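A.B. asks: Starting off with a structure, shown below.
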Amino acid sequence: MDDTKIAVIGLAGRYSNAEDIGIMWQKLLDGTDFHVWGEYRRDNLAALYINRYAKIDYLEYFDNEFFHFTPYEAQITDPQQRILLECCFETLENAGYADISKKQCIGVFASASLSTYLLHNILSQKKYNSNEINYNVLISNDKDFTATRIAYKLNLCGPAYTVQSACSSSLVALHCAYQSILNYECDAALVGAVSILIPQEQGYYYKEGGILSKDGICRPFDDEANGTIKGNGCSVVMLKRLAEAEKDQDRIYAVISSTAVNNDGSAKIGFTAPSVEGQAAVIDECIAYSKIDKSKIDYIEAHGTGTKLGDPIEIKALYKVYSNVDKKIPIGSIKANIGHLDVASGLTSTIKAICMLQAGIIPANINFKSLNKEITSKVPFYFPVTNKKKLLTHIGVSSFGLGGTNAHVIVSKYEKKQRPKSQHDMYMIPISYFRESDLEPITKQLIANLNHHLGDIVYSMSIGKRKFKNNVYLLFRNKEELSAKLMGKDYIRSSRYRPSLPVFGLEDYRSFQYLFPKYEELCKTAGIDNVSIDKQQEYFSRHLAWIRFLKSICMLDAEDLTFVKRLDQQLWDLADNDESFLAMSCYDEFFSSIPVGIETALTEFLNFIGQVQCISQIDFKVLYKDLGWEHLAITKYPYKKKRFWIDVYEKAKNVAQIEHLTSRDEDAYVEMILEIWKGVIGLEEVEVDDDFYELGGDSLLLIAVLDKINNRISTKLSIENVINFNTPRKLAGYLSNRIAISNNYTFISKIRDNGPSAQNIFLIHPAGGTTHCYKLLHKYLDTQVEFNLYCIDLPQNHSNYPTMESLAKLYAAGILNIQSVGRVIIGGYSFGGNMACEVALQIQNQNKGIVIDHVLLFDSHPPIAYNSYQNQIINYNKVFFVMLANYLQLDANYIAEGYQKGTLQDELMLSLKNNKKLGLSLSDEEMIGFFDRWVYSHKLLKQHQFNVKLPMDCVIFRSIENEDEFILNTLQIKLYQKQEWEKYFDGNVKIFDTPGNHYTMFSDSENVKELANVVKECYMQLF
């Protein structure tokens, strides 16, 4: 067999006025135009406005629960991508590979048009139309995520990427999938494309020289052709290597014999112009690769847009290829009926070709009357104007993209191999369904499709169906009994007990050998043949083969089953070990089984299979191997859709006008949080104890929640707050307590809460004024470190505090507001450690009810280090960049070269934005603020005199790497050993070494993880 042949094993589609491929094909045979006319415009532009369009019904509806979308996610996702996802699942169902509970090495090659839903609907809303990027909206509408979203939602693990080359996109995607399968990158592949223009019920203005039709009619190759018309639709096919599709008993619709792709290059009059040479070359290459004589091509499904320029060029290219063929080849284009489906046009043409090969009918070219005068009548082609029956073997399909990427595919008829179909006395059909309400529509579909062979019906309902938590099955002897049980809803459901392993007599086993080829194969492996052997040995061998047969189809362990025979459980566990049975002499027990007759045995066996499939998985392909039964598209899953749509003129809620909540009323916060969660996640109801992530929240929605809450309260929450307090009740309680503090001390926040009995630690910001570094430390701290952690940020009105003493007094008051008695720990990183010493002194002087256990210094320089230089002017602009480079672990020379003369703002932003290592997004104003706070803090240190000894213990976390000498010298900081701190404490001074330097100990995540371990060690030893 030619290993370059790829089978088409699944199809699905959705088009204007045609909800599936079957309806679409019938409309083609009926000569239907899929477009509709809108109302005639009665204004001065009426002559130019063509109110003709294609409409897909119920576009705004989607089954979000089935595909695990939150309501919010469903609402903002491009309807194109929603429909494509639906069609991809339908294609898997159609092919018999819809069991997405297990990973499948299936590739996804997809194309989509620009999201006009984003442009027309979403961005019309004030809440989305801002300068800030909304990543939820971006990810839900950008074409880049088309294929990967499908792979994620359907659990497909082959290559997944979006293919875009304008009009030829989907045929190029087919080419990519074809090559990927041939290269064994995947076992099979979905190829899908969608193009839907929103709003759907909208015409267009005709422009002279444009590609759109002057009268709303597409006439490919006709002399009256004056342009194309836009269509709306979605097409998906599933491909698989032909040899493997035949081996796996897949339904094969057609065969892809070859594909080819090229580009015109620059040898044409303009970028958007087509090229005779480019089109002819790609068709020639495709035919050569297929090894099919071009005289065997029976039909050409052309690109055929119906434009005055494009059609003659396409025929000239075809003439270059087929000029020496001694026959007239029929040509057509589906665009006359369905319009131009943009990126989906090539794949839709391919599906038309597949339908033609199966039906042996060439549909009429509607709207064709006489050949375009630019096309010579001597060409070896004709354009059928009536439906024509014809034996079709090979069809060429073309698709040419604006910009010059050309694609051609040869689709061939599959000669189905007829095989005898086994007949059984009893059958079983399993039905798995998502919602209880889904069972009835599945049943109705099944009742409507009982005109097939019973074995085919059983096989189609068993193979490759998606497994859900709800499962039933039916046992029946014939179609009449099946129909009666379906009509009467006589389903069998799972029992409460473990399925009982069926054991039969010798004659039953002999009969089973002829019913199930897999069992026969295992019997032969066990040594059973026509030669007479001892019946006890024969029985045992057949029984062992039976156990192996059941194990090969049932995904169960021994503890999941009930065993009638004492040794069956041992046999189940050791069934694959031949040697373990050679020593067993237990034939008597097994041979005592009495035959029950094949119909009874088969009924009992199928009932066992039905019970197992209710609680686990059955490999029906193994069970029904070589029975000659075929997979048919008998049912497709009945989606339960709801409307998820952003209307164009819907006004967004103006939350900015709501007054800030500043009271401690916890009920008010609960009400606010419930309102915000409902809006962001898109739920009608949320309970006070619902978990954010269990409701469908994710990291992106979390950011939206945080933003909305912070717009409504007088303080600011962090992401960690919302993560830690993950229900409305918990978050409201936290907010209520937080507001009590924030009304006066908004610069203090609690980021670690281990309850009222845990010791409080207050960490003061470093020179930059923020406490982000402590939040990273908290993230990596072990849960065994059971203290409450408060962070003290530099207040916005810090300019009101010109000295270390005055600022320390404010911080001390904030700490005493939270804790006025008991033991407390104060500390900080760099500047924060120095400030902690001054705060400790102020608290000791102010309050006798609180005791400071320890002061924690994270690589802080002793006070003398700042007072060792005579006062000189410090160039803070100069050193700031080098300090920043150290903190971000960037090359100092690189960042210095990156900025040019100009304002400080320009220098900062240029050097930061030009380096991709920076994982932050700071505005210009924020960066200037950061610089100002850093200079302010350093000036406080330089003028501060601290000459006392504190009556408490001290812990120093010392970085092991040297600090940059340029920074120290420029800032006029003299380097002293950390032991110098012993002069400032009466208590014990303990030093712990940590990795990194003064900056990277907190900026490098690995260093922070190690620092967290050191803090834990310190905590276990001292606290």
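Quick note on naming: the chains in the structure tokens go A, B, ... in the order shown, residues restart at 1 in each chain, and ligands are numbered from 1 in order of appearance.
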Sorted by chain and rising residue number, list the residues of segment 53-152 of chain A at most 10 Å from segment 239-246 of chain A (counting only C-alpha atoms), each with its closest atom pair and distance in Å to one decimal, as JSON lines.
C.D. replies:
{"residue": "A:Ala95", "atom": "CA", "partner": "A:Leu239", "partner_atom": "CA", "distance": 9.4}
{"residue": "A:Ile106", "atom": "CA", "partner": "A:Lys240", "partner_atom": "CA", "distance": 9.2}
{"residue": "A:Gly107", "atom": "CA", "partner": "A:Leu239", "partner_atom": "CA", "distance": 9.4}
A.B. asks: Excluding segment 615-626 of chain A and its own-chain neighbours fewer than 5 positions away, which residues fall within 6 Å of it when counting only C-alpha atoms? Please give them as a list in words.
C.D. replies: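 The residues satisfying every condition are Ile553, Cys554 and Met555 of chain A.
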A.B. asks: Please write the residues from the selection above to a file, keeping all heavy atoms, as a compact mmCIF listing (two decimals), in the first residue's frame.
C.D. replies:
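Saved result, selection.txt, follows:
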# COMPACT_ATOMS: atom_id res chain seq x y z
N ILE A 553 -10.17 -6.05 27.81
CA ILE A 553 -11.21 -5.08 27.46
C ILE A 553 -11.69 -4.26 28.66
O ILE A 553 -12.29 -3.21 28.49
CB ILE A 553 -12.42 -5.77 26.79
CG1 ILE A 553 -13.04 -6.82 27.71
CG2 ILE A 553 -12.01 -6.38 25.46
CD1 ILE A 553 -14.27 -7.49 27.12
N CYS A 554 -11.42 -4.74 29.88
CA CYS A 554 -11.91 -4.05 31.08
C CYS A 554 -10.78 -3.33 31.79
O CYS A 554 -9.75 -3.95 32.11
CB CYS A 554 -12.55 -5.04 32.06
SG CYS A 554 -13.97 -5.91 31.39
N MET A 555 -10.95 -2.06 32.06
CA MET A 555 -9.93 -1.29 32.77
C MET A 555 -10.21 -1.35 34.28
O MET A 555 -10.54 -0.35 34.92
CB MET A 555 -9.93 0.17 32.30
CG MET A 555 -10.00 0.34 30.79
SD MET A 555 -8.69 -0.55 29.92
CE MET A 555 -9.08 -0.16 28.22
A.B. asks: Measuring between only C-alpha atoms, which one of A:Ile410, A:Val680, A:Ile646, A:Ile634 shows the shortest distance to Gln75 of chain A?
C.D. replies: A:Ile646
A.B. asks: So that I can check the surroundings of Pro441 of chain A, please list as a list in words every protein, DNA and RNA residue that reaches within 9 Å of it, counting only C-alpha atoms and ignoring chain neighbours fewer than 5 positions away.
C.D. replies: Leu446, Tyr637 and Pro638 of chain A
A.B. asks: Let me see the file: selected residues, all heavy atoms, as a CSV table (one decimal), in the first residue's frame.
C.D. replies:
chain,number,residue,atom,x,y,z
A,446,LEU,N,-31.1,8.1,18.3
A,446,LEU,CA,-30.9,6.6,18.0
A,446,LEU,C,-32.1,6.0,17.4
A,446,LEU,O,-32.0,5.2,16.5
A,446,LEU,CB,-30.6,6.0,19.4
A,446,LEU,CG,-30.1,4.5,19.4
A,446,LEU,CD1,-29.0,4.3,18.4
A,446,LEU,CD2,-29.6,4.1,20.8
A,637,TYR,N,-23.6,14.7,19.9
A,637,TYR,CA,-24.0,15.1,21.3
A,637,TYR,C,-25.0,16.3,21.2
A,637,TYR,O,-24.7,17.3,20.5
A,637,TYR,CB,-22.8,15.5,22.2
A,637,TYR,CG,-23.2,15.3,23.6
A,637,TYR,CD1,-23.2,14.0,24.2
A,637,TYR,CD2,-23.8,16.3,24.3
A,637,TYR,CE1,-23.6,13.8,25.5
A,637,TYR,CE2,-24.2,16.1,25.6
A,637,TYR,CZ,-24.1,14.8,26.2
A,637,TYR,OH,-24.6,14.6,27.4
A,638,PRO,N,-26.1,16.3,22.0
A,638,PRO,CA,-27.1,17.4,22.0
A,638,PRO,C,-26.6,18.5,22.9
A,638,PRO,O,-26.8,18.4,24.1
A,638,PRO,CB,-28.3,16.7,22.5
A,638,PRO,CG,-27.8,15.6,23.4
A,638,PRO,CD,-26.5,15.1,22.8
A.B. asks: From the set A:Asn470, A:Thr91, A:Thr405, A:Thr393, which residue has the shortest atom-to-atom contact distance to Ala273 of chain A, counting only C-alpha atoms?
C.D. replies: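 Looking only at the distances to Ala273 of chain A, the closest residue turns out to be A:Thr405.
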A.B. asks: Could you name the residues that touch segment 483-498 of chain A at 12 Å or less, counting only C-alpha atoms, but leaving out those on the same chain fewer than 5 positions away, as a ChimeraX atom specification?
C.D. replies: /A:428-432,439-451,454,469-478,556-564,606-616
A.B. asks: So that I have them on file, write out the residues from the current selection with N, CA and C atoms, as a compact mmCIF listing (two decimals), in the first residue's frame.
C.D. replies:
# COMPACT_ATOMS: atom_id res chain seq x y z
N MET A 428 -25.65 -5.28 23.14
CA MET A 428 -25.67 -4.29 24.22
C MET A 428 -25.25 -2.93 23.66
N ILE A 429 -25.98 -1.89 24.01
CA ILE A 429 -25.64 -0.52 23.63
C ILE A 429 -25.43 0.31 24.89
N PRO A 430 -24.25 0.92 25.06
CA PRO A 430 -24.03 1.83 26.19
C PRO A 430 -24.38 3.27 25.79
N ILE A 431 -24.86 4.05 26.72
CA ILE A 431 -25.12 5.48 26.49
C ILE A 431 -24.52 6.25 27.66
N SER A 432 -23.62 7.15 27.35
CA SER A 432 -23.00 8.00 28.37
C SER A 432 -23.42 9.44 28.09
N LEU A 439 -30.17 12.68 27.99
CA LEU A 439 -30.45 11.28 27.62
C LEU A 439 -31.59 11.19 26.61
N GLU A 440 -32.64 11.98 26.78
CA GLU A 440 -33.79 11.89 25.89
C GLU A 440 -33.45 12.27 24.45
N PRO A 441 -32.77 13.40 24.18
CA PRO A 441 -32.44 13.70 22.77
C PRO A 441 -31.49 12.69 22.15
N ILE A 442 -30.59 12.09 22.93
CA ILE A 442 -29.73 11.03 22.39
C ILE A 442 -30.58 9.84 21.99
N THR A 443 -31.55 9.51 22.84
CA THR A 443 -32.45 8.39 22.56
C THR A 443 -33.24 8.64 21.28
N LYS A 444 -33.73 9.86 21.10
CA LYS A 444 -34.51 10.19 19.90
C LYS A 444 -33.65 10.05 18.64
N GLN A 445 -32.41 10.50 18.71
CA GLN A 445 -31.51 10.35 17.56
C GLN A 445 -31.30 8.88 17.22
N LEU A 446 -31.14 8.07 18.25
CA LEU A 446 -30.91 6.64 18.05
C LEU A 446 -32.14 5.98 17.42
N ILE A 447 -33.32 6.34 17.90
CA ILE A 447 -34.55 5.78 17.34
C ILE A 447 -34.67 6.13 15.85
N ALA A 448 -34.23 7.33 15.49
CA ALA A 448 -34.35 7.79 14.09
C ALA A 448 -33.32 7.14 13.18
N ASN A 449 -32.39 6.37 13.74
CA ASN A 449 -31.32 5.79 12.92
C ASN A 449 -31.22 4.28 13.08
N LEU A 450 -32.36 3.62 13.20
CA LEU A 450 -32.36 2.16 13.37
C LEU A 450 -32.43 1.42 12.04
N ASN A 451 -32.23 2.14 10.93
CA ASN A 451 -32.30 1.50 9.62
C ASN A 451 -30.96 0.89 9.21
N LEU A 454 -27.63 -3.98 12.82
CA LEU A 454 -27.58 -3.89 14.28
C LEU A 454 -26.15 -3.83 14.80
N LYS A 469 -20.11 11.01 33.61
CA LYS A 469 -20.41 10.37 34.89
C LYS A 469 -21.76 9.64 34.86
N ASN A 470 -22.65 10.02 33.93
CA ASN A 470 -23.96 9.37 33.82
C ASN A 470 -23.91 8.30 32.73
N ASN A 471 -24.28 7.07 33.09
CA ASN A 471 -24.17 5.96 32.14
C ASN A 471 -25.32 4.98 32.32
N VAL A 472 -25.89 4.54 31.19
CA VAL A 472 -26.90 3.48 31.18
C VAL A 472 -26.57 2.56 30.01
N TYR A 473 -27.31 1.45 29.90
CA TYR A 473 -27.13 0.57 28.74
C TYR A 473 -28.42 -0.20 28.50
N LEU A 474 -28.51 -0.80 27.31
CA LEU A 474 -29.68 -1.60 26.94
C LEU A 474 -29.22 -2.95 26.43
N LEU A 475 -29.94 -3.99 26.77
CA LEU A 475 -29.73 -5.34 26.23
C LEU A 475 -30.92 -5.69 25.34
N PHE A 476 -30.67 -6.25 24.15
CA PHE A 476 -31.76 -6.51 23.22
C PHE A 476 -31.33 -7.58 22.23
N ARG A 477 -32.33 -8.21 21.62
CA ARG A 477 -32.06 -9.29 20.67
C ARG A 477 -32.14 -8.81 19.21
N ASN A 478 -32.98 -7.81 18.95
CA ASN A 478 -33.21 -7.39 17.57
C ASN A 478 -33.65 -5.92 17.56
N LEU A 556 -10.14 -2.57 34.84
CA LEU A 556 -10.45 -2.76 36.25
C LEU A 556 -9.36 -3.57 36.94
N ASP A 557 -9.22 -3.33 38.24
CA ASP A 557 -8.37 -4.15 39.09
C ASP A 557 -9.22 -5.19 39.79
N ALA A 558 -8.56 -6.16 40.40
CA ALA A 558 -9.28 -7.26 41.04
C ALA A 558 -10.22 -6.76 42.12
N GLU A 559 -9.80 -5.72 42.87
CA GLU A 559 -10.65 -5.23 43.97
C GLU A 559 -11.93 -4.57 43.48
N ASP A 560 -12.03 -4.30 42.17
CA ASP A 560 -13.24 -3.69 41.62
C ASP A 560 -14.29 -4.72 41.24
N LEU A 561 -13.96 -6.01 41.37
CA LEU A 561 -14.84 -7.08 40.88
C LEU A 561 -15.25 -8.02 42.00
N THR A 562 -16.33 -8.73 41.76
CA THR A 562 -16.75 -9.84 42.62
C THR A 562 -16.43 -11.14 41.89
N PHE A 563 -15.79 -12.11 42.58
CA PHE A 563 -15.36 -13.36 41.95
C PHE A 563 -16.18 -14.52 42.49
N VAL A 564 -16.77 -15.28 41.54
CA VAL A 564 -17.57 -16.45 41.91
C VAL A 564 -16.65 -17.59 42.30
N LEU A 606 -22.75 -9.71 28.35
CA LEU A 606 -22.99 -8.34 27.94
C LEU A 606 -23.53 -7.49 29.09
N ASN A 607 -24.28 -8.11 29.98
CA ASN A 607 -24.73 -7.39 31.17
C ASN A 607 -23.53 -7.00 32.04
N PHE A 608 -22.57 -7.90 32.14
CA PHE A 608 -21.32 -7.60 32.87
C PHE A 608 -20.58 -6.44 32.20
N ILE A 609 -20.49 -6.46 30.87
CA ILE A 609 -19.82 -5.38 30.14
C ILE A 609 -20.55 -4.06 30.36
N GLY A 610 -21.88 -4.11 30.34
CA GLY A 610 -22.67 -2.91 30.58
C GLY A 610 -22.43 -2.34 31.97
N GLN A 611 -22.37 -3.22 32.98
CA GLN A 611 -22.12 -2.76 34.35
C GLN A 611 -20.72 -2.15 34.48
N VAL A 612 -19.74 -2.78 33.85
CA VAL A 612 -18.37 -2.27 33.93
C VAL A 612 -18.28 -0.90 33.27
N GLN A 613 -18.90 -0.73 32.08
CA GLN A 613 -18.78 0.56 31.40
C GLN A 613 -19.48 1.68 32.17
N CYS A 614 -20.37 1.34 33.07
CA CYS A 614 -21.00 2.37 33.89
C CYS A 614 -20.03 2.95 34.92
N ILE A 615 -19.07 2.14 35.35
CA ILE A 615 -18.16 2.59 36.41
C ILE A 615 -16.73 2.78 35.94
N SER A 616 -16.41 2.27 34.75
CA SER A 616 -15.03 2.35 34.28
C SER A 616 -15.03 2.44 32.75
A.B. asks: Got a sec to tell me which of segment 419-564 of chain A DSSP assigns to strand (DSSP E or B), as number ranges by chain?
C.D. replies: A: 427-433, 470-476, 492-493, 500, 554, 562
A.B. asks: Pull N, CA, C and O atoms from the residues just selected and write them as an mmCIF file, in the first residue's frame.
C.D. replies:
data_model
loop_
_atom_site.group_PDB
_atom_site.id
_atom_site.type_symbol
_atom_site.label_atom_id
_atom_site.label_comp_id
_atom_site.auth_asym_id
_atom_site.auth_seq_id
_atom_site.Cartn_x
_atom_site.Cartn_y
_atom_site.Cartn_z
ATOM 1 N N TYR A 427 -27.371 -8.258 22.000
ATOM 2 C CA TYR A 427 -26.513 -7.091 21.810
ATOM 3 C C TYR A 427 -26.626 -6.168 23.029
ATOM 4 O O TYR A 427 -27.590 -6.237 23.816
ATOM 5 N N MET A 428 -25.651 -5.282 23.144
ATOM 6 C CA MET A 428 -25.667 -4.287 24.221
ATOM 7 C C MET A 428 -25.245 -2.932 23.663
ATOM 8 O O MET A 428 -24.253 -2.836 22.935
ATOM 9 N N ILE A 429 -25.984 -1.887 24.005
ATOM 10 C CA ILE A 429 -25.635 -0.517 23.625
ATOM 11 C C ILE A 429 -25.429 0.315 24.889
ATOM 12 O O ILE A 429 -26.341 0.390 25.732
ATOM 13 N N PRO A 430 -24.251 0.921 25.056
ATOM 14 C CA PRO A 430 -24.033 1.835 26.193
ATOM 15 C C PRO A 430 -24.376 3.272 25.789
ATOM 16 O O PRO A 430 -24.198 3.672 24.644
ATOM 17 N N ILE A 431 -24.861 4.055 26.723
ATOM 18 C CA ILE A 431 -25.115 5.484 26.493
ATOM 19 C C ILE A 431 -24.524 6.254 27.663
ATOM 20 O O ILE A 431 -24.893 6.028 28.813
ATOM 21 N N SER A 432 -23.616 7.146 27.353
ATOM 22 C CA SER A 432 -23.001 8.003 28.374
ATOM 23 C C SER A 432 -23.418 9.437 28.091
ATOM 24 O O SER A 432 -23.402 9.883 26.942
ATOM 25 N N TYR A 433 -23.797 10.173 29.137
ATOM 26 C CA TYR A 433 -24.334 11.508 28.901
ATOM 27 C C TYR A 433 -23.933 12.465 30.012
ATOM 28 O O TYR A 433 -23.725 12.074 31.163
ATOM 29 N N ASN A 470 -22.650 10.016 33.934
ATOM 30 C CA ASN A 470 -23.958 9.373 33.823
ATOM 31 C C ASN A 470 -23.909 8.302 32.732
ATOM 32 O O ASN A 470 -23.565 8.601 31.589
ATOM 33 N N ASN A 471 -24.277 7.070 33.087
ATOM 34 C CA ASN A 471 -24.171 5.959 32.142
ATOM 35 C C ASN A 471 -25.320 4.977 32.323
ATOM 36 O O ASN A 471 -25.700 4.646 33.454
ATOM 37 N N VAL A 472 -25.888 4.544 31.195
ATOM 38 C CA VAL A 472 -26.899 3.484 31.178
ATOM 39 C C VAL A 472 -26.567 2.555 30.010
ATOM 40 O O VAL A 472 -25.670 2.827 29.217
ATOM 41 N N TYR A 473 -27.308 1.454 29.898
ATOM 42 C CA TYR A 473 -27.134 0.566 28.743
ATOM 43 C C TYR A 473 -28.424 -0.200 28.498
ATOM 44 O O TYR A 473 -29.341 -0.212 29.340
ATOM 45 N N LEU A 474 -28.514 -0.795 27.314
ATOM 46 C CA LEU A 474 -29.677 -1.599 26.941
ATOM 47 C C LEU A 474 -29.215 -2.955 26.431
ATOM 48 O O LEU A 474 -28.230 -3.041 25.697
ATOM 49 N N LEU A 475 -29.937 -3.993 26.769
ATOM 50 C CA LEU A 475 -29.726 -5.340 26.227
ATOM 51 C C LEU A 475 -30.922 -5.687 25.345
ATOM 52 O O LEU A 475 -32.075 -5.463 25.738
ATOM 53 N N PHE A 476 -30.669 -6.247 24.153
ATOM 54 C CA PHE A 476 -31.762 -6.512 23.225
ATOM 55 C C PHE A 476 -31.329 -7.583 22.227
ATOM 56 O O PHE A 476 -30.152 -7.816 21.992
ATOM 57 N N ILE A 492 -30.906 0.160 31.630
ATOM 58 C CA ILE A 492 -30.318 -0.518 32.793
ATOM 59 C C ILE A 492 -29.235 0.395 33.351
ATOM 60 O O ILE A 492 -28.377 0.879 32.615
ATOM 61 N N ARG A 493 -29.277 0.631 34.638
ATOM 62 C CA ARG A 493 -28.291 1.494 35.280
ATOM 63 C C ARG A 493 -27.344 0.658 36.133
ATOM 64 O O ARG A 493 -27.588 -0.522 36.388
ATOM 65 N N SER A 500 -19.961 -8.807 38.934
ATOM 66 C CA SER A 500 -19.543 -10.186 39.188
ATOM 67 C C SER A 500 -18.929 -10.775 37.923
ATOM 68 O O SER A 500 -19.553 -10.757 36.852
ATOM 69 N N CYS A 554 -11.422 -4.739 29.879
ATOM 70 C CA CYS A 554 -11.913 -4.051 31.079
ATOM 71 C C CYS A 554 -10.777 -3.332 31.787
ATOM 72 O O CYS A 554 -9.754 -3.954 32.108
ATOM 73 N N THR A 562 -16.332 -8.734 41.759
ATOM 74 C CA THR A 562 -16.753 -9.842 42.621
ATOM 75 C C THR A 562 -16.431 -11.138 41.886
ATOM 76 O O THR A 562 -16.770 -11.289 40.704
#
A.B. asks: Quick check, in Å to one decimal: how far apart do atom CA of Asn721 of chain A and atom CA of Arg823 of chain A lie?
C.D. replies: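 Atom-to-atom, atom CA of Asn721 of chain A to atom CA of Arg823 of chain A, that is 25.2 Å.
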A.B. asks: Considering only C-alpha atoms, can you say which of A:Ile211, A:Leu114, A:Ala254, A:Leu182 comes closest to Ile198 of chain A?
C.D. replies: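 Residue with the minimum atom-to-atom distance to Ile198 of chain A: A:Leu114.
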A.B. asks: Run DSSP on the backbone and tell me which residues of segment 330-536 of chain A come out as alpha helix (DSSP H); list them as a PyMOL selection string.
C.D. replies: chain A and resi 335-338+345-359+439-447+454-462+479-487+506-515+517-525+535-536
A.B. asks: For Val397 of chain A, which residue among A:Val282, A:Leu940, A:Leu309, A:Ile751 is the nearest when counting only C-alpha atoms?
C.D. replies: A:Val282
A.B. asks: Using only C-alpha atoms, find the one residue out of A:Leu550, A:Ile713, A:Leu11, A:Leu85 that sits nearest to Phe66 of chain A.
C.D. replies: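 Of all the options, A:Leu85 lies closest to Phe66 of chain A.
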A.B. asks: Between A:Tyr53, A:Tyr206, A:Tyr984, A:Phe145, which residue has the minimum interatomic distance to Gly231 of chain A, considering only C-alpha atoms?
C.D. replies: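 Among A:Tyr53, A:Tyr206, A:Tyr984, A:Phe145, it is A:Tyr53 that comes nearest to Gly231 of chain A.
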